[in-house]
Amino acid sequence: MGKGGGCVPSKKKAPISDQEKNDPVSVESLIPKNDTTSQEGPPPPPQAEKKLKVFIVFYSTYGHVESLARTLKKGVDSIEGVEGVLYRVVETLPKEVLELMKAPEKDDKVPLISAEKLVEADGLLFGFPTRYGSMAAQMKAFFDSTGQLWREQKLAGVPAGFFVSTGTQGGGQETTAWTAITQLVHHGMLYVPIGYSFGAGMFEMESIRGGSPYGAGVFAGDGSRQASETELALAEYQGSYMATIVKKLGQKS
């Protein structure tokens, strides 16, 4: 006891009992209860960015429209964040008739599309040959199967465009697309022509070229003529142009 009457704390520690010496130390007891970092697994990997999809839906008898469709896909795929997907519509002609027409077999690697599938697309490009200045019956039959989508306006606001094939220069490069616009109008879709945005290629006069402000096109002639470099370049451009529009609309939604 000192003069101040206070207590001086003892420097001696309390003795450790024999029981405490023999008790095993738990590892869990050394981990703070509010620290759960050691119990968590590694962070989940970042999710891959979901690409916008442009469905390229076509009917092709002799392969001319299909060649444009594949080139359009190349253009769509060139835009980051957008992917082109090829689909065929159902053939309505009997096999015997197709054999007499000497039409080649369809590529089974390109899947058939149902009307209900269209709602999954962020953009649509429809391709078809002409029949007297308007779309072939196979594509018209497909549009005729979209009645339920029309009733519910499931495709309203979806951007869409066309590409075509004709046998001659005056065979409907413009009217085939022009007369097809009614299909988009009744569905409330947004028609996306390319206009003259392709530049100098739209004014090419030195060689025969399909395509118009309505969209890409090819002259098939008697069936032996294949798409020229200019026609394919226009198709690739239309694909990238549509993908750019789809991407802009996707960013605003």
# chains A, B, ... in the order shown; residues from 1 in each chain; ligands from 1
>>> residues_around(residues="Gly75 in chain A", least_positions_apart="5", cutoff="8 Å", atoms="only C-alpha atoms", output="VMD selection string")
chain A and resid 235 to 241 243
>>> select_by_dssp(residues="range 25-134 of chain A", states="helix (DSSP H, G or I)", output="PyMOL selection string")
chain A and resi 28-30+37-39+64-77+95-100+115-120
>>> write_last_selection(atoms="N, CA and C atoms", output="compact mmCIF listing (two decimals), in the first residue's frame")
# COMPACT_ATOMS: atom_id res chain seq x y z
N GLU A 28 -10.24 -23.32 -35.50
CA GLU A 28 -11.38 -22.44 -35.72
C GLU A 28 -11.41 -21.29 -34.73
N SER A 29 -10.89 -21.56 -33.51
CA SER A 29 -10.92 -20.51 -32.49
C SER A 29 -9.98 -19.37 -32.80
N LEU A 30 -8.99 -19.62 -33.69
CA LEU A 30 -8.04 -18.58 -34.05
C LEU A 30 -8.55 -17.68 -35.16
N THR A 37 -13.54 -14.73 -45.28
CA THR A 37 -12.83 -14.78 -46.56
C THR A 37 -12.23 -16.15 -46.83
N SER A 38 -11.77 -16.83 -45.76
CA SER A 38 -11.15 -18.13 -45.97
C SER A 38 -12.15 -19.21 -46.32
N GLN A 39 -13.46 -18.91 -46.07
CA GLN A 39 -14.49 -19.90 -46.35
C GLN A 39 -15.13 -19.71 -47.73
N HIS A 64 -28.21 -18.82 -105.75
CA HIS A 64 -27.80 -17.42 -105.88
C HIS A 64 -28.14 -16.61 -104.63
N VAL A 65 -29.35 -16.77 -104.13
CA VAL A 65 -29.74 -16.06 -102.92
C VAL A 65 -28.92 -16.55 -101.73
N GLU A 66 -28.64 -17.85 -101.71
CA GLU A 66 -27.84 -18.39 -100.61
C GLU A 66 -26.44 -17.79 -100.59
N SER A 67 -25.86 -17.57 -101.76
CA SER A 67 -24.53 -16.96 -101.81
C SER A 67 -24.55 -15.56 -101.22
N LEU A 68 -25.62 -14.81 -101.50
CA LEU A 68 -25.77 -13.50 -100.89
C LEU A 68 -25.95 -13.61 -99.38
N ALA A 69 -26.75 -14.58 -98.95
CA ALA A 69 -27.03 -14.76 -97.52
C ALA A 69 -25.74 -15.01 -96.74
N ARG A 70 -24.89 -15.87 -97.27
CA ARG A 70 -23.63 -16.19 -96.58
C ARG A 70 -22.71 -14.97 -96.53
N THR A 71 -22.75 -14.16 -97.57
CA THR A 71 -21.92 -12.96 -97.58
C THR A 71 -22.50 -11.90 -96.64
N LEU A 72 -23.81 -11.82 -96.57
CA LEU A 72 -24.46 -10.93 -95.61
C LEU A 72 -24.04 -11.29 -94.18
N LYS A 73 -24.00 -12.57 -93.89
CA LYS A 73 -23.58 -13.02 -92.56
C LYS A 73 -22.16 -12.55 -92.25
N LYS A 74 -21.30 -12.62 -93.24
CA LYS A 74 -19.92 -12.14 -93.05
C LYS A 74 -19.92 -10.67 -92.65
N GLY A 75 -20.78 -9.89 -93.28
CA GLY A 75 -20.87 -8.48 -92.94
C GLY A 75 -21.43 -8.25 -91.55
N VAL A 76 -22.47 -9.00 -91.18
CA VAL A 76 -23.04 -8.88 -89.84
C VAL A 76 -22.01 -9.22 -88.78
N ASP A 77 -21.29 -10.32 -88.99
CA ASP A 77 -20.31 -10.78 -88.01
C ASP A 77 -19.13 -9.83 -87.85
N LYS A 95 -40.34 -32.93 -104.64
CA LYS A 95 -38.99 -33.32 -105.03
C LYS A 95 -38.91 -33.62 -106.52
N GLU A 96 -39.96 -34.22 -107.08
CA GLU A 96 -39.96 -34.56 -108.50
C GLU A 96 -39.87 -33.31 -109.38
N VAL A 97 -40.56 -32.25 -108.96
CA VAL A 97 -40.52 -31.00 -109.72
C VAL A 97 -39.14 -30.37 -109.63
N LEU A 98 -38.55 -30.38 -108.43
CA LEU A 98 -37.21 -29.81 -108.25
C LEU A 98 -36.18 -30.56 -109.10
N GLU A 99 -36.35 -31.87 -109.24
CA GLU A 99 -35.43 -32.66 -110.07
C GLU A 99 -35.56 -32.27 -111.53
N LEU A 100 -36.79 -32.04 -111.99
CA LEU A 100 -37.00 -31.61 -113.36
C LEU A 100 -36.44 -30.21 -113.61
N ALA A 115 -42.00 -19.89 -87.75
CA ALA A 115 -42.43 -18.51 -87.52
C ALA A 115 -42.16 -18.07 -86.09
N GLU A 116 -42.37 -18.97 -85.13
CA GLU A 116 -42.20 -18.62 -83.72
C GLU A 116 -40.77 -18.23 -83.39
N LYS A 117 -39.82 -18.73 -84.16
CA LYS A 117 -38.40 -18.47 -83.90
C LYS A 117 -38.04 -17.01 -84.16
N LEU A 118 -38.80 -16.33 -84.99
CA LEU A 118 -38.48 -14.95 -85.37
C LEU A 118 -38.41 -14.01 -84.18
N VAL A 119 -39.17 -14.29 -83.13
CA VAL A 119 -39.21 -13.37 -81.98
C VAL A 119 -37.87 -13.32 -81.25
N GLU A 120 -36.98 -14.26 -81.51
CA GLU A 120 -35.68 -14.28 -80.84
C GLU A 120 -34.66 -13.37 -81.52
>>> atom_distance(atom1="CA of Tyr59 in chain A", atom2="CA of Val89 in chain A")
5.8 Å
>>> closest_residue(among="A:Gly215, A:Pro129, A:Gly201, A:Gly223", to="Gly161 in chain A", atoms="only C-alpha atoms")
A:Gly215
>>> atom_distance(atom1="CA of Asp108 in chain A", atom2="CA of Phe142 in chain A")
18.1 Å
>>> residues_around(residues="Val90 in chain A", least_positions_apart="3", cutoff="12 Å", atoms="only C-alpha atoms", output="ChimeraX atom specification")
/A:57-61,87,93-94,106,108,110-115,136-143,145
>>> residues_around(residues="Ala216 in chain A", least_positions_apart="2", cutoff="6 Å", atoms="only C-alpha atoms", output="JSON list (two decimals) with N, CA and C atoms, in the first residue's frame")
[["chain", "number", "residue", "atom", "x", "y", "z"],
["A", 163, "PHE", "N", -33.01, -8.82, -99.50],
["A", 163, "PHE", "CA", -32.05, -9.00, -100.59],
["A", 163, "PHE", "C", -32.65, -10.00, -101.56],
["A", 211, "GLY", "N", -28.70, -5.43, -107.23],
["A", 211, "GLY", "CA", -28.77, -4.61, -106.02],
["A", 211, "GLY", "C", -29.36, -3.25, -106.32],
["A", 234, "LEU", "N", -21.61, -5.56, -102.07],
["A", 234, "LEU", "CA", -22.83, -4.85, -101.64],
["A", 234, "LEU", "C", -23.56, -5.67, -100.57],
["A", 235, "ALA", "N", -23.60, -6.99, -100.75],
["A", 235, "ALA", "CA", -24.25, -7.86, -99.77],
["A", 235, "ALA", "C", -23.53, -7.79, -98.42]]
>>> select_by_dssp(residues="range 126-181 of chain A", states="strand (DSSP E)", output="list in words")
Phe126, Gly127, Phe128, Pro129, Thr130, Arg131, Ser134, Met135, Pro159, Ala160, Gly161, Phe162, Phe163, Val164, Ser165 and Thr166 of chain A
>>> residues_around(residues="Gln226 in chain A", least_positions_apart="6", cutoff="12 Å", atoms="only C-alpha atoms", output="ChimeraX atom specification")
/A:62-68,165-167,208-210,217-220,232
>>> write_last_selection(atoms="N, CA and C atoms", output="mmCIF file, in the first residue's frame")
data_model
loop_
_atom_site.group_PDB
_atom_site.id
_atom_site.type_symbol
_atom_site.label_atom_id
_atom_site.label_comp_id
_atom_site.auth_asym_id
_atom_site.auth_seq_id
_atom_site.Cartn_x
_atom_site.Cartn_y
_atom_site.Cartn_z
ATOM 1 N N TYR A 62 -31.556 -22.040 -106.799
ATOM 2 C CA TYR A 62 -30.331 -22.479 -107.466
ATOM 3 C C TYR A 62 -29.053 -22.044 -106.751
ATOM 4 N N GLY A 63 -29.189 -21.419 -105.579
ATOM 5 C CA GLY A 63 -28.007 -21.062 -104.794
ATOM 6 C C GLY A 63 -27.583 -19.611 -104.876
ATOM 7 N N HIS A 64 -28.213 -18.821 -105.745
ATOM 8 C CA HIS A 64 -27.803 -17.423 -105.879
ATOM 9 C C HIS A 64 -28.145 -16.606 -104.631
ATOM 10 N N VAL A 65 -29.346 -16.773 -104.130
ATOM 11 C CA VAL A 65 -29.738 -16.057 -102.915
ATOM 12 C C VAL A 65 -28.915 -16.551 -101.728
ATOM 13 N N GLU A 66 -28.641 -17.847 -101.714
ATOM 14 C CA GLU A 66 -27.840 -18.395 -100.612
ATOM 15 C C GLU A 66 -26.437 -17.793 -100.590
ATOM 16 N N SER A 67 -25.861 -17.566 -101.760
ATOM 17 C CA SER A 67 -24.528 -16.961 -101.807
ATOM 18 C C SER A 67 -24.554 -15.556 -101.219
ATOM 19 N N LEU A 68 -25.623 -14.812 -101.496
ATOM 20 C CA LEU A 68 -25.770 -13.495 -100.885
ATOM 21 C C LEU A 68 -25.955 -13.611 -99.383
ATOM 22 N N SER A 165 -32.864 -11.936 -105.807
ATOM 23 C CA SER A 165 -32.236 -12.461 -107.018
ATOM 24 C C SER A 165 -33.257 -12.386 -108.146
ATOM 25 N N THR A 166 -32.796 -11.937 -109.335
ATOM 26 C CA THR A 166 -33.667 -11.900 -110.506
ATOM 27 C C THR A 166 -32.932 -12.491 -111.700
ATOM 28 N N GLY A 167 -33.707 -12.889 -112.694
ATOM 29 C CA GLY A 167 -33.109 -13.506 -113.871
ATOM 30 C C GLY A 167 -32.570 -12.506 -114.866
ATOM 31 N N ILE A 208 -22.388 -5.223 -115.300
ATOM 32 C CA ILE A 208 -23.730 -5.581 -114.832
ATOM 33 C C ILE A 208 -23.691 -5.803 -113.327
ATOM 34 N N ARG A 209 -24.616 -5.204 -112.629
ATOM 35 C CA ARG A 209 -24.637 -5.326 -111.172
ATOM 36 C C ARG A 209 -26.066 -5.375 -110.654
ATOM 37 N N GLY A 210 -26.333 -6.368 -109.826
ATOM 38 C CA GLY A 210 -27.615 -6.430 -109.138
ATOM 39 C C GLY A 210 -27.569 -5.578 -107.882
ATOM 40 N N GLY A 217 -28.581 -7.480 -104.284
ATOM 41 C CA GLY A 217 -29.237 -8.295 -105.298
ATOM 42 C C GLY A 217 -28.226 -8.914 -106.235
ATOM 43 N N VAL A 218 -28.668 -9.948 -106.936
ATOM 44 C CA VAL A 218 -27.808 -10.643 -107.890
ATOM 45 C C VAL A 218 -28.621 -10.957 -109.138
ATOM 46 N N PHE A 219 -27.967 -10.884 -110.305
ATOM 47 C CA PHE A 219 -28.579 -11.332 -111.549
ATOM 48 C C PHE A 219 -28.185 -12.786 -111.772
ATOM 49 N N ALA A 220 -29.190 -13.654 -111.881
ATOM 50 C CA ALA A 220 -28.916 -15.082 -112.045
ATOM 51 C C ALA A 220 -28.857 -15.497 -113.506
ATOM 52 N N LEU A 232 -21.386 -9.143 -104.369
ATOM 53 C CA LEU A 232 -21.048 -9.706 -103.061
ATOM 54 C C LEU A 232 -20.587 -8.623 -102.091
#
>>> residues_around(residues="Val246 in chain A", least_positions_apart="3", cutoff="10 Å", atoms="only C-alpha atoms", output="PyMOL selection string")
chain A and resi 52-54+76+82+122-124+158-160+240-243+249-251
>>> atom_distance(atom1="CA of Gly147 in chain A", atom2="CA of Ile181 in chain A")
16.2 Å
>>> residues_around(residues="Gln183 in chain A", least_positions_apart="3", cutoff="10 Å", atoms="only C-alpha atoms", output="list in words")
Lys140, Phe143, Asp144, Thr146, Trp150, Thr179, Ala180, His186, His187, Gly188 and Met189 of chain A
>>> closest_residue(among="A:Lys252, A:Pro45, A:Ser224, A:Gly127", to="Ala103 in chain A", atoms="only C-alpha atoms")
A:Ser224
